[in-house]
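Asker: Input file: data.csv. Contents: CSV, C-alpha atoms and all ligand atoms.
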chain,number,residue,atom,x,y,z
I,5,MET,CA,197.9,30.1,27.7
I,6,LYS,CA,198.9,33.7,28.2
I,7,VAL,CA,196.1,36.3,28.9
I,8,SER,CA,197.1,39.9,28.3
I,9,PHE,CA,194.8,42.9,29.2
I,10,TYR,CA,195.0,46.0,27.0
I,11,GLY,CA,191.7,47.7,27.9
I,12,VAL,CA,189.6,47.0,31.0
I,13,ARG,CA,187.0,49.8,31.2
I,14,GLY,CA,183.3,49.6,30.3
I,15,SER,CA,181.1,52.1,28.6
I,16,CYS,CA,183.6,54.8,27.4
I,17,PRO,CA,187.3,55.5,27.5
I,18,CYS,CA,188.3,57.5,30.5
I,19,PRO,CA,192.1,58.1,30.7
I,20,CYS,CA,193.0,60.7,33.3
I,21,PRO,CA,195.6,61.0,36.1
I,22,ALA,CA,193.2,59.4,38.7
I,23,ASN,CA,192.8,56.3,36.5
I,24,GLN,CA,196.4,55.9,35.6
I,25,ARG,CA,197.1,52.6,37.4
I,26,TYR,CA,194.1,50.6,36.1
I,27,GLY,CA,193.9,52.4,32.8
I,28,GLY,CA,191.2,54.2,30.8
I,29,ASN,CA,190.9,52.1,27.6
I,30,THR,CA,187.8,49.9,26.9
I,31,ALA,CA,187.6,46.1,26.5
I,32,SER,CA,190.5,44.5,24.8
I,33,ILE,CA,192.2,41.2,25.8
I,34,ALA,CA,194.5,38.9,23.9
I,35,LEU,CA,194.9,35.1,24.5
I,36,ALA,CA,198.1,33.5,23.2
I,37,VAL,CA,199.5,30.0,23.0
I,38,GLU,CA,203.0,29.4,21.6
I,39,GLY,CA,202.9,28.5,17.9
I,40,GLU,CA,199.3,29.4,17.3
I,41,ASP,CA,197.5,32.6,16.1
I,42,PRO,CA,196.2,34.9,18.9
I,43,ILE,CA,192.5,35.1,19.9
I,44,LEU,CA,191.4,38.6,20.8
I,45,LEU,CA,188.5,39.2,23.2
I,46,ASP,CA,186.6,42.3,22.1
I,47,LEU,CA,187.9,45.2,20.0
I,48,GLY,CA,187.7,48.2,22.4
I,49,THR,CA,190.1,51.1,22.4
I,50,GLY,CA,192.8,49.0,24.2
I,51,LEU,CA,193.3,47.4,20.7
I,52,ARG,CA,195.4,50.3,19.8
I,53,LEU,CA,197.9,49.3,22.5
I,54,LEU,CA,197.7,45.6,21.4
I,55,ALA,CA,198.8,46.7,17.9
I,56,ASP,CA,202.2,47.5,19.3
I,57,ASP,CA,202.7,43.7,20.1
I,58,CYS,CA,201.5,42.5,16.6
I,59,PRO,CA,203.3,42.5,13.2
I,60,THR,CA,202.3,45.2,10.7
I,61,ASP,CA,204.0,43.6,7.7
I,62,GLY,CA,201.0,41.7,6.5
I,63,THR,CA,201.7,38.5,8.4
I,64,PHE,CA,199.2,39.1,11.1
I,65,ARG,CA,196.7,36.2,11.5
I,66,GLY,CA,194.1,36.2,14.3
I,67,THR,CA,190.6,35.8,15.5
I,68,ALA,CA,188.4,38.2,17.5
I,69,LEU,CA,185.6,37.0,19.7
I,70,VAL,CA,183.3,40.0,20.1
I,71,THR,CA,180.6,39.9,22.8
I,72,HIS,CA,178.4,42.6,21.3
I,73,ILE,CA,178.5,45.7,19.1
I,74,HIS,CA,178.4,48.5,21.7
I,75,TRP,CA,181.0,51.1,21.1
I,76,ASP,CA,183.2,50.2,24.0
I,77,HIS,CA,183.7,46.7,22.4
I,78,VAL,CA,184.4,47.6,18.8
I,79,GLN,CA,185.8,51.2,18.7
I,80,GLY,CA,189.4,50.1,18.5
I,81,LEU,CA,189.1,48.2,15.2
I,82,PRO,CA,189.6,51.3,12.9
I,83,PHE,CA,192.9,52.0,14.9
I,84,PHE,CA,194.5,48.5,14.5
I,85,PRO,CA,197.2,48.8,11.9
I,86,PRO,CA,198.1,45.1,11.8
I,87,VAL,CA,195.0,44.4,9.7
I,88,HIS,CA,195.4,47.5,7.4
I,89,VAL,CA,197.9,45.8,5.2
I,90,PRO,CA,197.6,43.2,2.4
I,91,GLY,CA,198.0,39.6,3.5
I,92,ALA,CA,196.7,40.2,7.1
I,93,VAL,CA,193.7,38.1,8.2
I,94,LEU,CA,191.3,38.8,11.0
I,95,ASP,CA,188.2,36.6,11.6
I,96,ILE,CA,185.6,38.5,13.7
I,97,TYR,CA,183.0,36.4,15.5
I,98,GLY,CA,180.1,38.3,17.1
I,99,PRO,CA,176.5,37.9,17.9
I,100,GLU,CA,174.0,37.8,15.1
I,101,GLN,CA,172.0,41.1,14.9
I,102,ALA,CA,168.4,41.7,14.2
I,103,GLU,CA,169.5,44.7,12.1
I,104,GLY,CA,171.2,42.4,9.6
I,105,PRO,CA,174.4,40.4,8.9
I,106,LEU,CA,177.3,41.1,11.2
I,107,GLU,CA,179.4,42.6,8.3
I,108,ASP,CA,176.7,45.1,7.5
I,109,VAL,CA,176.3,46.2,11.1
I,110,PHE,CA,180.1,46.8,11.4
I,111,ASN,CA,180.0,48.6,8.1
I,112,GLY,CA,177.3,50.8,9.5
I,113,PHE,CA,179.6,52.4,12.1
I,114,MET,CA,182.8,52.4,10.1
I,115,ARG,CA,181.9,54.7,7.3
I,116,PRO,CA,181.7,58.4,6.6
I,117,PRO,CA,180.6,60.6,8.2
I,118,TYR,CA,181.5,58.6,11.4
I,119,PHE,CA,184.9,57.5,10.2
I,120,PRO,CA,186.7,58.4,7.0
I,121,VAL,CA,187.7,54.9,6.0
I,122,GLN,CA,185.3,52.0,5.2
I,123,PHE,CA,186.0,48.3,5.8
I,124,SER,CA,186.0,47.6,2.1
I,125,GLN,CA,189.0,50.0,1.8
I,126,LEU,CA,191.1,48.1,4.3
I,127,GLN,CA,193.9,46.1,2.7
I,128,GLY,CA,193.7,43.1,5.1
I,129,ASP,CA,191.2,40.3,4.8
I,130,ILE,CA,188.5,40.8,7.6
I,131,ARG,CA,185.9,38.1,7.7
I,132,PHE,CA,182.7,38.3,9.8
I,133,ILE,CA,181.0,35.2,11.4
I,134,GLY,CA,177.7,35.6,13.2
I,135,VAL,CA,177.2,33.4,16.2
I,136,LYS,CA,174.6,32.8,18.9
I,137,ASN,CA,174.6,29.5,20.7
I,138,GLU,CA,177.3,27.1,19.4
I,139,ILE,CA,180.6,25.3,19.7
I,140,PHE,CA,183.4,25.5,17.2
I,141,SER,CA,187.2,25.3,16.9
I,142,ILE,CA,189.8,27.9,16.2
I,143,GLY,CA,193.1,26.0,15.6
I,144,HIS,CA,193.5,23.9,18.7
I,145,ALA,CA,191.1,26.0,20.8
I,146,LYS,CA,187.6,24.9,21.5
I,147,VAL,CA,185.2,27.8,21.8
I,148,ILE,CA,181.7,27.7,23.3
I,149,VAL,CA,179.3,30.6,22.7
I,150,ARG,CA,176.2,31.2,24.8
I,151,PRO,CA,173.8,34.2,25.0
I,152,VAL,CA,174.3,36.4,28.0
I,153,PRO,CA,171.7,38.8,29.5
I,154,HIS,CA,172.6,42.4,28.6
I,155,VAL,CA,171.0,45.2,26.5
I,156,GLY,CA,170.7,44.0,22.9
I,157,ALA,CA,172.2,40.8,21.4
I,158,THR,CA,175.1,39.7,23.5
I,159,VAL,CA,177.1,36.6,24.0
I,160,GLY,CA,179.8,35.2,26.3
I,161,TYR,CA,182.6,32.9,25.4
I,162,ARG,CA,184.4,29.9,26.9
I,163,ILE,CA,187.8,29.1,25.4
I,164,GLU,CA,189.4,25.8,26.2
I,165,TRP,CA,193.0,25.9,24.9
I,166,ASP,CA,196.3,24.3,25.7
I,167,GLY,CA,194.7,22.5,28.7
I,168,ARG,CA,193.3,25.6,30.3
I,169,THR,CA,189.9,27.3,30.3
I,170,VAL,CA,189.0,31.0,30.2
I,171,ALA,CA,185.4,32.3,30.4
I,172,TYR,CA,184.7,35.8,29.2
I,173,ILE,CA,181.5,37.5,30.3
I,174,SER,CA,182.2,41.2,29.7
I,175,ASP,CA,178.7,42.7,30.1
I,176,HIS,CA,176.1,40.9,32.2
I,177,GLN,CA,172.7,42.2,33.3
I,178,ALA,CA,172.1,40.8,36.8
I,179,PRO,CA,168.6,40.1,37.9
I,180,LEU,CA,167.1,42.6,40.4
I,181,ASP,CA,167.6,40.2,43.3
I,182,LEU,CA,171.3,39.7,42.4
I,183,GLU,CA,170.9,36.0,43.2
I,184,THR,CA,169.9,33.8,40.3
I,185,VAL,CA,172.4,33.2,37.4
I,186,ALA,CA,171.5,32.2,33.9
I,187,PRO,CA,172.3,28.6,33.2
I,188,GLU,CA,174.1,29.6,30.0
I,189,VAL,CA,176.5,31.8,32.0
I,190,LEU,CA,177.2,29.0,34.5
I,191,GLU,CA,177.9,26.6,31.7
I,192,LEU,CA,180.5,29.0,30.3
I,193,CYS,CA,182.2,29.5,33.7
I,194,GLU,CA,182.0,26.0,35.0
I,195,ASP,CA,185.3,25.0,36.6
I,196,ALA,CA,187.1,27.6,34.6
I,197,ASP,CA,190.7,28.4,35.4
I,198,LEU,CA,189.9,32.1,34.8
I,199,VAL,CA,186.6,33.9,34.7
I,200,ILE,CA,186.8,37.5,33.3
I,201,HIS,CA,183.5,39.1,34.4
I,202,ASP,CA,181.6,42.3,34.4
I,203,ALA,CA,182.1,44.2,37.7
I,204,GLN,CA,180.8,47.6,36.8
I,205,TYR,CA,178.8,48.6,39.9
I,206,THR,CA,178.8,48.6,43.7
I,207,ARG,CA,175.5,47.6,45.3
I,208,ALA,CA,174.5,51.3,45.8
I,209,GLU,CA,175.2,52.1,42.1
I,210,PHE,CA,173.2,49.1,41.0
I,211,ALA,CA,170.2,50.3,43.0
I,212,GLN,CA,170.3,53.4,40.8
I,213,LYS,CA,171.1,51.7,37.5
I,214,SER,CA,169.6,48.2,37.8
I,215,ASP,CA,168.5,48.0,34.2
I,216,TRP,CA,171.6,49.5,32.5
I,217,GLY,CA,172.9,46.0,31.5
I,218,HIS,CA,175.5,45.3,34.2
I,219,CYS,CA,176.0,43.8,37.6
I,220,THR,CA,177.8,44.3,40.9
I,221,THR,CA,181.2,43.0,42.0
I,222,ASP,CA,179.5,40.7,44.6
I,223,TYR,CA,177.4,39.3,41.8
I,224,ALA,CA,180.6,38.5,39.8
I,225,VAL,CA,181.8,36.6,42.9
I,226,ARG,CA,178.4,34.8,43.1
I,227,VAL,CA,178.8,33.6,39.5
I,228,ALA,CA,182.4,32.5,40.1
I,229,ALA,CA,181.4,30.7,43.3
I,230,MET,CA,178.5,28.9,41.8
I,231,ALA,CA,180.6,27.8,38.8
I,232,ARG,CA,183.6,26.8,41.1
I,233,ALA,CA,185.9,29.0,39.1
I,234,ARG,CA,189.5,29.2,40.3
I,235,HIS,CA,190.3,32.8,39.6
I,236,LEU,CA,188.0,35.7,39.1
I,237,VAL,CA,189.1,38.8,37.2
I,238,LEU,CA,186.9,41.9,37.8
I,239,PHE,CA,186.5,43.6,34.4
I,240,HIS,CA,184.6,46.4,32.7
I,241,HIS,CA,185.2,48.9,35.5
I,242,ASP,CA,182.9,51.8,35.6
I,243,PRO,CA,184.6,55.0,34.1
I,244,ALA,CA,183.6,56.8,37.3
I,245,HIS,CA,185.8,54.5,39.5
I,246,ASP,CA,189.2,55.9,40.0
I,247,ASP,CA,192.3,54.0,41.1
I,248,ASP,CA,191.7,54.5,44.8
I,249,GLN,CA,188.1,53.4,44.6
I,250,LEU,CA,189.0,50.3,42.6
I,251,ASP,CA,191.6,49.4,45.2
I,252,GLY,CA,188.8,49.6,47.8
I,253,ILE,CA,186.4,47.6,45.7
I,254,LEU,CA,189.0,44.9,45.1
I,255,ALA,CA,189.8,44.6,48.9
I,256,GLU,CA,186.1,44.3,49.7
I,257,THR,CA,185.5,41.8,46.9
I,258,ARG,CA,188.5,39.6,48.0
I,259,CYS,CA,187.0,39.4,51.6
I,260,LEU,CA,183.7,38.3,50.1
I,261,ALA,CA,185.3,35.8,47.7
I,262,GLN,CA,187.2,34.2,50.5
I,263,ALA,CA,184.0,33.7,52.5
I,264,VAL,CA,182.3,31.9,49.6
I,265,GLY,CA,185.3,29.8,48.4
I,266,VAL,CA,186.5,31.7,45.3
I,267,PRO,CA,190.3,31.2,45.6
I,268,LYS,CA,191.6,34.2,43.8
I,269,VAL,CA,190.3,37.7,42.7
I,270,THR,CA,192.2,40.2,40.6
I,271,ALA,CA,191.0,43.6,39.4
I,272,ALA,CA,192.0,43.9,35.7
I,273,TYR,CA,194.3,46.7,34.8
I,274,GLU,CA,196.0,47.7,31.5
I,275,GLY,CA,199.2,45.7,31.3
I,276,LEU,CA,198.0,42.8,33.4
I,277,ARG,CA,199.5,39.5,32.2
I,278,ILE,CA,198.2,36.1,33.5
I,279,GLU,CA,200.0,32.9,32.7
I,280,LEU,CA,197.7,29.9,33.0
D,1,ZN,ZN,180.5,47.2,27.6
D,2,ZN,ZN,177.3,46.7,26.4
Here is a file; write its structure as structure tokens.

Answerer:
Amino acid sequence: MKVSFYGVRGSCPCPCPANQRYGGNTASIALAVEGEDPILLDLGTGLRLLADDCPTDGTFRGTALVTHIHWDHVQGLPFFPPVHVPGAVLDIYGPEQAEGPLEDVFNGFMRPPYFPVQFSQLQGDIRFIGVKNEIFSIGHAKVIVRPVPHVGATVGYRIEWDGRTVAYISDHQAPLDLETVAPEVLELCEDADLVIHDAQYTRAEFAQKSDWGHCTTDYAVRVAAMARARHLVLFHHDPAHDDDQLDGILAETRCLAQAVGVPKVTAAYEGLRIEL
């Protein structure tokens, strides 16, 4: 399985010279296995870059697993030409919303006056599937969905495909003590080859923003260690962390990970490709 990162930021896009190496686009990842349709993880602004690697002649077929509907996870969808042509198909899985069916919620943000084009005007076939706590298949991939603590309805995904396992926990509200981990999150990450996890804050930042829906880099290590994951990818970087700060955060996190038995830590950047 090939895992490609197109957007690695949380909260809002933040391209600028100081963020050039890690990148400024929001959550967008693609999973690929030879001979099968791709599985996209979230639809943040990195999706625009992913479009360059997809056909735009109406042959695109794919699935998107969306963790929640915050802007940083869906804002790229209107800028994804592969699904704007007849014949293209995109199935979008996302958490069921108290506000109504998933399709209505998406239609709520992609319509005038917020955006000139509505979903119903797109030429491709976009289908919405609400999920919460379930297991299903996409082609030969097995997908497990579990609720994840954040702000509003949010899920995480575990994808078992081609003999490898990826867990995706993009936004994760840690408890105040930064110690306990929800059993659903541990289930998703258990023995995973790759855990892609929220790493928005340092301890000092978390002390100021402890109820903003996120966690610290050391909490991400704790999750990976408790789940015996083989490789932790720090993801959903805070827009305020520039390249040099992220280098420092990664170095500190690697020391910590080594001490608690997490074999490998990478800080996600735009253009990162991991072959599992
Ligand atoms: Zn987010
Ligand atoms: Zn969020």

Asker: So which residues are close to (180.8, 37.7, 49.4), meaning at most 10 Å away in the file's coordinates with all atoms listed in the file counted, and can you show them as a ChimeraX atom specification?

Answerer: /I:221-226,229,256-266

Asker: Enumerate, in order of chain and increasing residue number, the residues of chain I with an atom no farther than 6 Å from ligand ZN 1 (chain D), each with its shortest atom pair and distance in Å to one decimal, counting only C-alpha atoms and all ligand atoms, as JSON lines.

Answerer:
{"residue": "I:Gly14", "atom": "CA", "partner": "D:ZN1", "partner_atom": "ZN", "distance": 4.6}
{"residue": "I:Ser15", "atom": "CA", "partner": "D:ZN1", "partner_atom": "ZN", "distance": 5.0}
{"residue": "I:Asp76", "atom": "CA", "partner": "D:ZN1", "partner_atom": "ZN", "distance": 5.4}
{"residue": "I:Asp175", "atom": "CA", "partner": "D:ZN1", "partner_atom": "ZN", "distance": 5.5}

Asker: Could you save those same residues with C-alpha atoms as a PDB file, in the coordinates of the input?

Answerer:
ATOM      1  CA  GLY I  14     183.300  49.600  30.300  1.00  0.00           C
ATOM      2  CA  SER I  15     181.100  52.100  28.600  1.00  0.00           C
ATOM      3  CA  ASP I  76     183.200  50.200  24.000  1.00  0.00           C
ATOM      4  CA  ASP I 175     178.700  42.700  30.100  1.00  0.00           C
TER       5      ASP I 175
END

Asker: Identify the residues around (176.2, 39.6, 29.5) within a radius of 7 Å, measuring from only C-alpha atoms in the coordinates stated by the file, and give them as a list in words.

Answerer: Val152, Pro153, His154, Thr158, Val159, Gly160, Ile173, Ser174, Asp175, His176 and Gln177 of chain I

Asker: For a test of reading the model, state the distance in Å between CA of Glu40 (chain I) and CA of Phe64 (chain I), rounded to one decimal.

Answerer: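 CA of Phe64 (chain I) lies at a distance of 11.5 Å from CA of Glu40 (chain I).
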
Asker: If you measure from CA of Gly104 (chain I) to CA of Arg65 (chain I), what distance in Å do you get, rounded to one decimal?

Answerer: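 Distance reported for this atom pair: 26.3 Å.
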
Asker: Just checking: using all atoms listed in the file, which residue out of I:Thr49, I:Thr30, I:Thr60, I:Thr184 ends up closest to ligand ZN 2 (chain D)?

Answerer: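 Nearest to ligand ZN 2 (chain D): I:Thr30.
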
Asker: Pick out the closest residue to ligand ZN 2 (chain D) from this set: I:Met230, I:Leu81, I:Val155, I:Ile139. Count all atoms listed in the file.

Answerer: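 Of all the options, I:Val155 lies closest to ligand ZN 2 (chain D).
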
Asker: With distances taken over only C-alpha atoms and all ligand atoms, which residue among I:Ile133, I:Glu209, I:Asp242, I:Leu51 lies nearest ligand ZN 2 (chain D)?

Answerer: I:Asp242

Asker: I'd like the neighbourhood of Leu47 (chain I) as a list of chain:residue names, where a residue qualifies if any of its atoms comes within 8 Å (using all atoms listed in the file), though same-chain residues fewer than 2 positions away should be ignored.

Answerer: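 Here the answer would be I:Ala31, I:Ser32, I:Leu44, I:Leu45, I:Thr49, I:Gly50, I:Leu51, I:Ala68, I:Val70, I:Asp76, I:His77, I:Val78, I:Gln79, I:Gly80, I:Leu81.
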
Asker: Taking all atoms listed in the file into account, which of I:Gln249, I:Thr220, I:Gln204, I:Ser8 comes nearest ligand ZN 2 (chain D)?

Answerer: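 Once distances to ligand ZN 2 (chain D) are computed over all atoms listed in the file, the minimum belongs to I:Gln204.
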
Asker: One decimal, in Å: what's the spacing between CA of Ile96 (chain I) and CA of Phe113 (chain I)?

Answerer: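 If I compute the distance from CA of Ile96 (chain I) to CA of Phe113 (chain I), I get 15.2 Å.
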
Asker: Pick out the closest residue to ligand ZN 2 (chain D) from this set: I:Gly275, I:Pro267, I:Gly27, I:Gly48. Count all atoms listed in the file.

Answerer: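 The shortest atom-to-atom distance to ligand ZN 2 (chain D) comes from I:Gly48.
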
Asker: Please determine, counting only C-alpha atoms and all ligand atoms, which residue among I:Glu103, I:Asp202, I:Asp247, I:Glu274 has the shortest atom-to-atom distance to ligand ZN 2 (chain D).

Answerer: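 Comparing I:Glu103, I:Asp202, I:Asp247, I:Glu274 against ligand ZN 2 (chain D), the winner is I:Asp202.
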
Asker: Within 10 Å of Gln101 (chain I), counting only C-alpha atoms, which residues show up once you throw out same-chain ones fewer than 6 positions away? Write them as a list in words, please.

Answerer: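 The contact residues come out as His72, Ile73, Asp108, Val109, Gly134, Val135, Lys136, Gly156, Ala157 and Thr158 of chain I.
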
Asker: Write out as a list of chain:residue names each polymer residue whose atoms come within 9 Å of Met5 (chain I), counting only C-alpha atoms; drop sequence neighbours fewer than 3 positions from it.

Answerer: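 Residues near the query, excluding close chain neighbours: I:Leu35, I:Ala36, I:Val37, I:Glu38, I:Trp165, I:Asp166, I:Gly167, I:Arg168, I:Thr169, I:Ile278, I:Glu279, I:Leu280.
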